[in-house]
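Colleague: One structure is given below, represented as C-alpha cells, and several questions about it will come after.
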Amino acid sequence: MDWTSLLGPEKEKPYFKELIAFVKQRRRAGIHVFPEKSDVFNAFALTPASELKVVILGQDPYHGQGQAHGLSFSVQKGVRIPPSLLNMYKELITDIPSFTMPSHGNLTPWAKQGVLLLNTVLTVEEGQAHSHKNKGWETFTNVVIQQISEQLEGVVFLLWGKPSQQKMTLIDTSKHHILTSAHPSPLSAHRGFMGCKHFSQTNNLLTKMGKAPINWQID
C-alpha cells in the first residue's frame with residue numbers, strides 16, 4: 001500500500017492538473033507561494049501510507065517567509081513556534097508526564113513515526129491566509145481522507161476545530177477512531193483543546209490495537 005497507488009489516479013484528473021497549473025502560474029508571476037515547490041507534498045513523503053497510524057488535520061499552510069514546509073502545524077527550525085503549536089506543546093506537557101518544551105516547531109519526528117500532518121489546502125500566498133482556498137486542494141485532500149478510511153484500518157484521526165470536524169463524514173468510524181476538540185489556536189484553545197488529553201488517548205488507542213505508541217517528544 002503506497003500513496004502512488006492510492007492517489008495516482010486522482011492526480012490525472014482535470015481539476016488536479018488545473019490546480020497544479022494555477023500554482024505554477026502564481027510562482028512564475030513572482031508571487032511567493034508557500035511551502036516551496038519541493039515541500040508541497042512533504043507530508044506524504046515523510047509518512048508512507050503503509051506506516052500511517054495517526055492523522056492530524058490542519059487547514060492551510062503558514063503564510064510567513066520560511067515557516068511552512070508541508071506539514072500541518074509544523075514550522076522549520078529557526079522559526080518562532082506559532083501560537084497554535086505552542087498550545088499543543090503546553091497540552092503535551094500536562095498530558096504526557098515526560099514531555100518537555102521543545103526549542104523549535106519542526107514536527108518531522110512525528111511524521112516519521114506515522115503521524116500524517118495533513119493540511120486541507122496545501123499551498124498559500126505570502127501574507128494571504130486562505131488565498132488558495134477553493135482552488136481544488138480540498139477535493140484532493142478529501143480523497144486522501146476517503147482513501148485512508150477505505151484502504152487502511154485503525155487510524156486515529158485528530159480533528160480540532162469545526163473545519164476539520166466537517167471531514168468526519170468521510171471517515172468510517174467502524175474501522176477508525178476520531179478524537180475531536182476545539183482548535184489549539186489562542187482564540188479557541190480554552191474552549192476544550194487545553195485538557196483534551198488527545199496525545200495520551202491516541203497512544204492508548206494505538207497500544208490497544210497492538211501498535212507502537214507515538215513518542216511525542218521533539219528534541
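Going through the C-alpha cells in order, the chains are called A, B, and so on, while each chain numbers its residues from 1 and the ligands are numbered from 1 in the order shown.
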For A:Gly161, work out the shell of residues within 7 Å, counting only C-alpha atoms and skipping chain neighbours fewer than 2 positions away, then give it as a VMD selection string.
Modeller: chain A and resid 159 163 to 165 181 to 183
Colleague: Taking N, CA and C atoms for each residue, export the selection above as a JSON list (two decimals), in the first residue's frame.
Modeller:
[["chain", "number", "residue", "atom", "x", "y", "z"],
["A", 159, "LEU", "N", -9.21, 15.67, 15.00],
["A", 159, "LEU", "CA", -9.93, 16.73, 14.29],
["A", 159, "LEU", "C", -10.20, 17.87, 15.26],
["A", 163, "PRO", "N", -13.78, 23.34, 10.99],
["A", 163, "PRO", "CA", -13.43, 22.95, 9.61],
["A", 163, "PRO", "C", -12.92, 21.51, 9.52],
["A", 164, "SER", "N", -12.09, 21.10, 10.48],
["A", 164, "SER", "CA", -11.59, 19.72, 10.47],
["A", 164, "SER", "C", -12.71, 18.73, 10.76],
["A", 165, "GLN", "N", -13.59, 19.09, 11.68],
["A", 165, "GLN", "CA", -14.66, 18.18, 12.08],
["A", 165, "GLN", "C", -15.69, 17.96, 10.97],
["A", 181, "SER", "N", -11.92, 18.10, 19.31],
["A", 181, "SER", "CA", -11.89, 19.15, 20.34],
["A", 181, "SER", "C", -11.89, 20.49, 19.63],
["A", 182, "ALA", "N", -11.85, 21.57, 20.41],
["A", 182, "ALA", "CA", -11.66, 22.90, 19.85],
["A", 182, "ALA", "C", -10.28, 22.97, 19.19],
["A", 183, "HIS", "N", -10.08, 23.98, 18.38],
["A", 183, "HIS", "CA", -8.79, 24.19, 17.71],
["A", 183, "HIS", "C", -7.77, 24.72, 18.73]]
Colleague: Using only C-alpha atoms, which residues sit within 7 Å of A:Gln76 once same-chain residues fewer than 3 positions away are excluded, as a VMD selection string?
Modeller: chain A and resid 66 to 69 79 105 to 106
Colleague: With 7 Å as the cut-off and only C-alpha atoms counted, what is the closest atom pair between each nearby residue of stretch 76-192 of chain A and stretch 44-60 of chain A? Distances in Å to one decimal, ordered by chain and number, as a Markdown table.
Modeller:
| residue | atom | partner | partner_atom | distance |
| --- | --- | --- | --- | --- |
| A:Ala111 | CA | A:Thr47 | CA | 5.4 |
| A:Lys112 | CA | A:Leu46 | CA | 5.7 |
| A:Gly114 | CA | A:Leu52 | CA | 4.4 |
| A:Val115 | CA | A:Val54 | CA | 4.6 |
| A:Leu116 | CA | A:Val55 | CA | 4.7 |
| A:Leu117 | CA | A:Ile56 | CA | 5.1 |
| A:Leu118 | CA | A:Leu57 | CA | 5.1 |
| A:Asn119 | CA | A:Gly58 | CA | 4.3 |
| A:Thr120 | CA | A:Gln59 | CA | 5.0 |
| A:Val121 | CA | A:Asp60 | CA | 4.7 |
| A:Leu122 | CA | A:Asp60 | CA | 6.1 |
| A:Thr123 | CA | A:Asp60 | CA | 6.8 |
| A:Val124 | CA | A:Asp60 | CA | 6.9 |
| A:His130 | CA | A:Asp60 | CA | 6.4 |
| A:Val155 | CA | A:Lys53 | CA | 5.0 |
| A:Val156 | CA | A:Val54 | CA | 4.7 |
| A:Phe157 | CA | A:Val55 | CA | 4.8 |
| A:Leu158 | CA | A:Ile56 | CA | 5.0 |
| A:Leu159 | CA | A:Leu57 | CA | 6.0 |
| A:Ser164 | CA | A:Leu57 | CA | 6.3 |
Colleague: Just all heavy atoms for this one: save the residues we selected as a compact mmCIF listing (two decimals), in the first residue's frame.
Modeller:
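part25.txt, written as the output of this step:
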# COMPACT_ATOMS: atom_id res chain seq x y z
N ALA A 111 6.06 12.91 12.00
CA ALA A 111 5.75 12.40 10.66
C ALA A 111 6.45 11.07 10.40
O ALA A 111 5.88 10.15 9.81
CB ALA A 111 6.14 13.43 9.61
N LYS A 112 7.69 10.98 10.87
CA LYS A 112 8.48 9.76 10.62
C LYS A 112 8.01 8.57 11.45
O LYS A 112 8.43 7.44 11.21
CB LYS A 112 9.96 10.05 10.89
CG LYS A 112 10.59 10.93 9.80
CD LYS A 112 12.07 11.15 10.05
CE LYS A 112 12.72 11.88 8.88
NZ LYS A 112 14.16 12.15 9.13
N GLY A 114 4.72 7.90 11.69
CA GLY A 114 3.40 7.50 11.19
C GLY A 114 2.29 8.49 11.46
O GLY A 114 1.11 8.15 11.36
N VAL A 115 2.65 9.75 11.80
CA VAL A 115 1.64 10.79 12.02
C VAL A 115 1.56 11.63 10.74
O VAL A 115 2.49 12.38 10.42
CB VAL A 115 1.99 11.69 13.22
CG1 VAL A 115 0.92 12.76 13.42
CG2 VAL A 115 2.15 10.85 14.49
N LEU A 116 0.46 11.49 9.99
CA LEU A 116 0.27 12.28 8.77
C LEU A 116 -0.21 13.68 9.16
O LEU A 116 -1.32 13.85 9.67
CB LEU A 116 -0.74 11.61 7.84
CG LEU A 116 -0.96 12.32 6.49
CD1 LEU A 116 0.29 12.22 5.60
CD2 LEU A 116 -2.18 11.76 5.78
N LEU A 117 0.65 14.66 8.95
CA LEU A 117 0.35 16.05 9.30
C LEU A 117 -0.19 16.73 8.04
O LEU A 117 0.54 17.35 7.27
CB LEU A 117 1.62 16.73 9.83
CG LEU A 117 2.11 16.14 11.16
CD1 LEU A 117 3.58 16.44 11.39
CD2 LEU A 117 1.27 16.64 12.34
N LEU A 118 -1.50 16.59 7.85
CA LEU A 118 -2.14 16.95 6.59
C LEU A 118 -2.94 18.24 6.71
O LEU A 118 -3.81 18.36 7.56
CB LEU A 118 -3.09 15.81 6.16
CG LEU A 118 -3.87 16.02 4.86
CD1 LEU A 118 -2.93 16.02 3.65
CD2 LEU A 118 -4.94 14.94 4.71
N ASN A 119 -2.63 19.21 5.85
CA ASN A 119 -3.49 20.38 5.70
C ASN A 119 -4.54 20.09 4.65
O ASN A 119 -4.30 19.31 3.71
CB ASN A 119 -2.67 21.61 5.27
CG ASN A 119 -1.94 22.26 6.43
OD1 ASN A 119 -2.50 22.43 7.51
ND2 ASN A 119 -0.68 22.62 6.23
N THR A 120 -5.72 20.72 4.76
CA THR A 120 -6.76 20.50 3.75
C THR A 120 -6.47 21.29 2.48
O THR A 120 -6.95 20.95 1.41
CB THR A 120 -8.15 20.88 4.29
OG1 THR A 120 -8.10 22.21 4.82
CG2 THR A 120 -8.58 19.93 5.39
N VAL A 121 -5.66 22.37 2.59
CA VAL A 121 -5.17 23.13 1.44
C VAL A 121 -3.65 23.09 1.54
O VAL A 121 -3.09 23.30 2.61
CB VAL A 121 -5.69 24.58 1.48
CG1 VAL A 121 -5.06 25.42 0.39
CG2 VAL A 121 -7.21 24.61 1.37
N LEU A 122 -2.96 22.82 0.41
CA LEU A 122 -1.52 22.55 0.51
C LEU A 122 -0.62 23.70 0.07
O LEU A 122 0.60 23.60 0.21
CB LEU A 122 -1.17 21.29 -0.30
CG LEU A 122 -1.85 19.99 0.13
CD1 LEU A 122 -1.26 18.80 -0.60
CD2 LEU A 122 -1.78 19.78 1.64
N THR A 123 -1.20 24.80 -0.43
CA THR A 123 -0.37 25.97 -0.78
C THR A 123 -1.08 27.26 -0.35
O THR A 123 -2.30 27.28 -0.14
CB THR A 123 -0.09 26.04 -2.30
OG1 THR A 123 -1.32 26.00 -3.03
CG2 THR A 123 0.83 24.91 -2.76
N VAL A 124 -0.29 28.31 -0.24
CA VAL A 124 -0.82 29.63 0.18
C VAL A 124 0.14 30.70 -0.33
O VAL A 124 1.32 30.43 -0.56
CB VAL A 124 -0.95 29.69 1.72
CG1 VAL A 124 0.41 29.75 2.41
CG2 VAL A 124 -1.84 30.84 2.18
N HIS A 130 -5.57 31.65 3.40
CA HIS A 130 -6.68 31.07 2.61
C HIS A 130 -6.69 31.54 1.16
O HIS A 130 -7.72 31.43 0.49
CB HIS A 130 -8.04 31.37 3.27
CG HIS A 130 -8.11 30.93 4.71
ND1 HIS A 130 -8.00 29.62 5.11
CD2 HIS A 130 -8.26 31.66 5.86
CE1 HIS A 130 -8.09 29.55 6.43
NE2 HIS A 130 -8.23 30.77 6.90
N VAL A 155 -6.76 3.76 12.08
CA VAL A 155 -6.09 5.06 12.11
C VAL A 155 -6.81 5.97 13.11
O VAL A 155 -8.05 5.97 13.19
CB VAL A 155 -6.08 5.70 10.70
CG1 VAL A 155 -5.49 7.11 10.73
CG2 VAL A 155 -5.30 4.82 9.72
N VAL A 156 -6.03 6.73 13.87
CA VAL A 156 -6.60 7.70 14.82
C VAL A 156 -6.59 9.07 14.16
O VAL A 156 -5.54 9.60 13.80
CB VAL A 156 -5.80 7.73 16.14
CG1 VAL A 156 -6.44 8.70 17.13
CG2 VAL A 156 -5.69 6.34 16.75
N PHE A 157 -7.77 9.66 13.99
CA PHE A 157 -7.90 10.99 13.40
C PHE A 157 -8.10 12.02 14.50
O PHE A 157 -9.01 11.89 15.33
CB PHE A 157 -9.11 11.04 12.46
CG PHE A 157 -8.94 10.28 11.18
CD1 PHE A 157 -9.19 8.91 11.13
CD2 PHE A 157 -8.55 10.92 10.01
CE1 PHE A 157 -9.04 8.20 9.94
CE2 PHE A 157 -8.40 10.22 8.82
CZ PHE A 157 -8.65 8.85 8.79
N LEU A 158 -7.24 13.05 14.53
CA LEU A 158 -7.38 14.15 15.47
C LEU A 158 -7.96 15.34 14.71
O LEU A 158 -7.29 15.93 13.85
CB LEU A 158 -6.03 14.51 16.10
CG LEU A 158 -5.30 13.37 16.81
CD1 LEU A 158 -4.03 13.87 17.48
CD2 LEU A 158 -6.19 12.69 17.84
N LEU A 159 -9.21 15.67 15.00
CA LEU A 159 -9.93 16.73 14.29
C LEU A 159 -10.20 17.87 15.26
O LEU A 159 -11.07 17.77 16.12
CB LEU A 159 -11.23 16.19 13.70
CG LEU A 159 -11.11 14.95 12.81
CD1 LEU A 159 -12.48 14.54 12.26
CD2 LEU A 159 -10.13 15.17 11.65
N SER A 164 -12.09 21.10 10.48
CA SER A 164 -11.59 19.72 10.47
C SER A 164 -12.71 18.73 10.76
O SER A 164 -12.78 17.65 10.15
CB SER A 164 -10.47 19.55 11.50
OG SER A 164 -9.32 20.24 11.11
Colleague: Contacts of stretch 99-101 of chain A at 7 Å or less, counting only C-alpha atoms, minus same-chain residues fewer than 6 places along, as a ChimeraX atom specification?
Modeller: /A:89,92-93,217
Colleague: Next, the residues of the selection above should be written as a PDB file, in the first residue's frame with all heavy atoms.
Modeller:
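Saved result, result-v6.pdb, follows:
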ATOM      1  N   TYR A  89       2.040  22.112  22.452  1.00  0.00           N
ATOM      2  CA  TYR A  89       3.143  21.746  23.348  1.00  0.00           C
ATOM      3  C   TYR A  89       2.716  21.884  24.817  1.00  0.00           C
ATOM      4  O   TYR A  89       3.051  21.033  25.650  1.00  0.00           O
ATOM      5  CB  TYR A  89       4.360  22.634  23.083  1.00  0.00           C
ATOM      6  CG  TYR A  89       5.152  22.302  21.830  1.00  0.00           C
ATOM      7  CD1 TYR A  89       6.124  23.183  21.356  1.00  0.00           C
ATOM      8  CD2 TYR A  89       4.952  21.117  21.121  1.00  0.00           C
ATOM      9  CE1 TYR A  89       6.872  22.897  20.210  1.00  0.00           C
ATOM     10  CE2 TYR A  89       5.693  20.822  19.989  1.00  0.00           C
ATOM     11  CZ  TYR A  89       6.654  21.718  19.537  1.00  0.00           C
ATOM     12  OH  TYR A  89       7.397  21.428  18.412  1.00  0.00           O
ATOM     13  N   LEU A  92       0.665  18.970  25.697  1.00  0.00           N
ATOM     14  CA  LEU A  92       1.525  17.793  25.840  1.00  0.00           C
ATOM     15  C   LEU A  92       2.213  17.769  27.202  1.00  0.00           C
ATOM     16  O   LEU A  92       2.365  16.706  27.812  1.00  0.00           O
ATOM     17  CB  LEU A  92       2.565  17.761  24.713  1.00  0.00           C
ATOM     18  CG  LEU A  92       2.094  17.091  23.413  1.00  0.00           C
ATOM     19  CD1 LEU A  92       2.880  17.581  22.212  1.00  0.00           C
ATOM     20  CD2 LEU A  92       2.192  15.576  23.539  1.00  0.00           C
ATOM     21  N   ILE A  93       2.634  18.928  27.687  1.00  0.00           N
ATOM     22  CA  ILE A  93       3.315  18.997  28.993  1.00  0.00           C
ATOM     23  C   ILE A  93       2.397  18.491  30.105  1.00  0.00           C
ATOM     24  O   ILE A  93       2.833  17.780  31.014  1.00  0.00           O
ATOM     25  CB  ILE A  93       3.796  20.438  29.278  1.00  0.00           C
ATOM     26  CG1 ILE A  93       5.012  20.774  28.390  1.00  0.00           C
ATOM     27  CG2 ILE A  93       4.163  20.626  30.746  1.00  0.00           C
ATOM     28  CD1 ILE A  93       5.419  22.233  28.414  1.00  0.00           C
ATOM     29  N   GLN A 217       7.746  13.495  22.080  1.00  0.00           N
ATOM     30  CA  GLN A 217       8.834  14.428  22.419  1.00  0.00           C
ATOM     31  C   GLN A 217       9.574  14.886  21.153  1.00  0.00           C
ATOM     32  O   GLN A 217       9.958  14.063  20.324  1.00  0.00           O
ATOM     33  CB  GLN A 217       9.828  13.787  23.394  1.00  0.00           C
ATOM     34  CG  GLN A 217      10.927  14.739  23.865  1.00  0.00           C
ATOM     35  CD  GLN A 217      10.390  15.920  24.667  1.00  0.00           C
ATOM     36  OE1 GLN A 217       9.681  15.729  25.644  1.00  0.00           O
ATOM     37  NE2 GLN A 217      10.718  17.134  24.238  1.00  0.00           N
TER      38      GLN A 217
END
Colleague: For the contact check between stretch 85-197 of chain A and stretch 19-37 of chain A, emit one row per residue of stretch 85-197 of chain A within 10 Å, containing the shortest atom pair and the distance in Å rounded to one decimal, counting only C-alpha atoms, chain then rising number order, as a Markdown table.
Modeller:
| residue | atom | partner | partner_atom | distance |
| --- | --- | --- | --- | --- |
| A:Leu122 | CA | A:Pro35 | CA | 8.0 |
| A:Thr123 | CA | A:Phe34 | CA | 5.6 |
| A:Val124 | CA | A:Phe34 | CA | 5.4 |
| A:Glu125 | CA | A:Val33 | CA | 4.5 |
| A:Glu126 | CA | A:His32 | CA | 5.5 |
| A:Gly127 | CA | A:His32 | CA | 9.2 |
| A:Gln128 | CA | A:Val33 | CA | 9.8 |
| A:Ser131 | CA | A:Val33 | CA | 9.8 |
| A:His132 | CA | A:Val23 | CA | 8.6 |
| A:Asn134 | CA | A:Leu19 | CA | 9.9 |
| A:Lys135 | CA | A:Leu19 | CA | 6.3 |
| A:Gly136 | CA | A:Leu19 | CA | 5.9 |
| A:Trp137 | CA | A:Leu19 | CA | 7.4 |
| A:Phe140 | CA | A:Leu19 | CA | 9.9 |
Colleague: Put those residues in a file: N, CA and C atoms, as a short mmCIF file (atom, residue, chain, number, x, y, z; two decimals), in the first residue's frame.
Modeller:
data_model
loop_
_atom_site.label_atom_id
_atom_site.label_comp_id
_atom_site.auth_asym_id
_atom_site.auth_seq_id
_atom_site.Cartn_x
_atom_site.Cartn_y
_atom_site.Cartn_z
N LEU A 122 -2.96 22.82 0.41
CA LEU A 122 -1.52 22.55 0.51
C LEU A 122 -0.62 23.70 0.07
N THR A 123 -1.20 24.80 -0.43
CA THR A 123 -0.37 25.97 -0.78
C THR A 123 -1.08 27.26 -0.35
N VAL A 124 -0.29 28.31 -0.24
CA VAL A 124 -0.82 29.63 0.18
C VAL A 124 0.14 30.70 -0.33
N GLU A 125 -0.36 31.92 -0.51
CA GLU A 125 0.50 33.02 -0.94
C GLU A 125 0.94 33.85 0.26
N GLU A 126 2.13 34.42 0.14
CA GLU A 126 2.74 35.14 1.26
C GLU A 126 1.79 36.22 1.80
N GLY A 127 1.55 36.15 3.12
CA GLY A 127 0.74 37.16 3.79
C GLY A 127 -0.74 37.10 3.49
N GLN A 128 -1.18 36.06 2.77
CA GLN A 128 -2.59 35.97 2.35
C GLN A 128 -3.19 34.63 2.79
N SER A 131 -5.57 32.04 0.65
CA SER A 131 -5.54 32.56 -0.73
C SER A 131 -5.68 31.46 -1.78
N HIS A 132 -5.41 30.20 -1.43
CA HIS A 132 -5.59 29.11 -2.38
C HIS A 132 -6.76 28.20 -1.99
N ASN A 134 -10.50 26.82 -2.15
CA ASN A 134 -11.47 26.60 -3.24
C ASN A 134 -10.83 26.61 -4.63
N LYS A 135 -9.56 26.22 -4.70
CA LYS A 135 -8.88 26.10 -6.00
C LYS A 135 -8.76 24.63 -6.43
N GLY A 136 -9.14 23.71 -5.55
CA GLY A 136 -9.07 22.28 -5.87
C GLY A 136 -8.38 21.43 -4.83
N TRP A 137 -7.62 22.07 -3.95
CA TRP A 137 -6.90 21.28 -2.93
C TRP A 137 -7.88 20.50 -2.04
N PHE A 140 -8.89 17.26 -3.49
CA PHE A 140 -7.79 16.28 -3.40
C PHE A 140 -7.64 15.72 -1.98
#
Colleague: Using DSSP assignments from the backbone, pull out every residue in stretch 51-151 of chain A that falls under strand (DSSP E) and give it to me as JSON, numbers by chain.
Modeller: {"A": [54, 55, 56, 57, 58, 115, 116, 117, 118, 119, 124, 125]}
Colleague: Expressed in Å to a single decimal, how great is the separation between atom CA of A:Thr141 and atom CA of A:Met88?
Modeller: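 Those two atoms sit 23.0 Å apart.
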Colleague: Could you check the closest approach to A:Ser188 for each of A:Ile218, A:Asn203, A:Lys133, A:Asn87 and tell me which residue wins, using only C-alpha atoms?
Modeller: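 Looking only at the distances to A:Ser188, the closest residue turns out to be A:Asn87.
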Colleague: In Å, rounded to a single decimal, give me how far atom CA of A:Asp2 is from atom CA of A:Ser149.
Modeller: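 Taking atom CA of A:Ser149 as the start and atom CA of A:Asp2 as the end point, the length is 14.0 Å.
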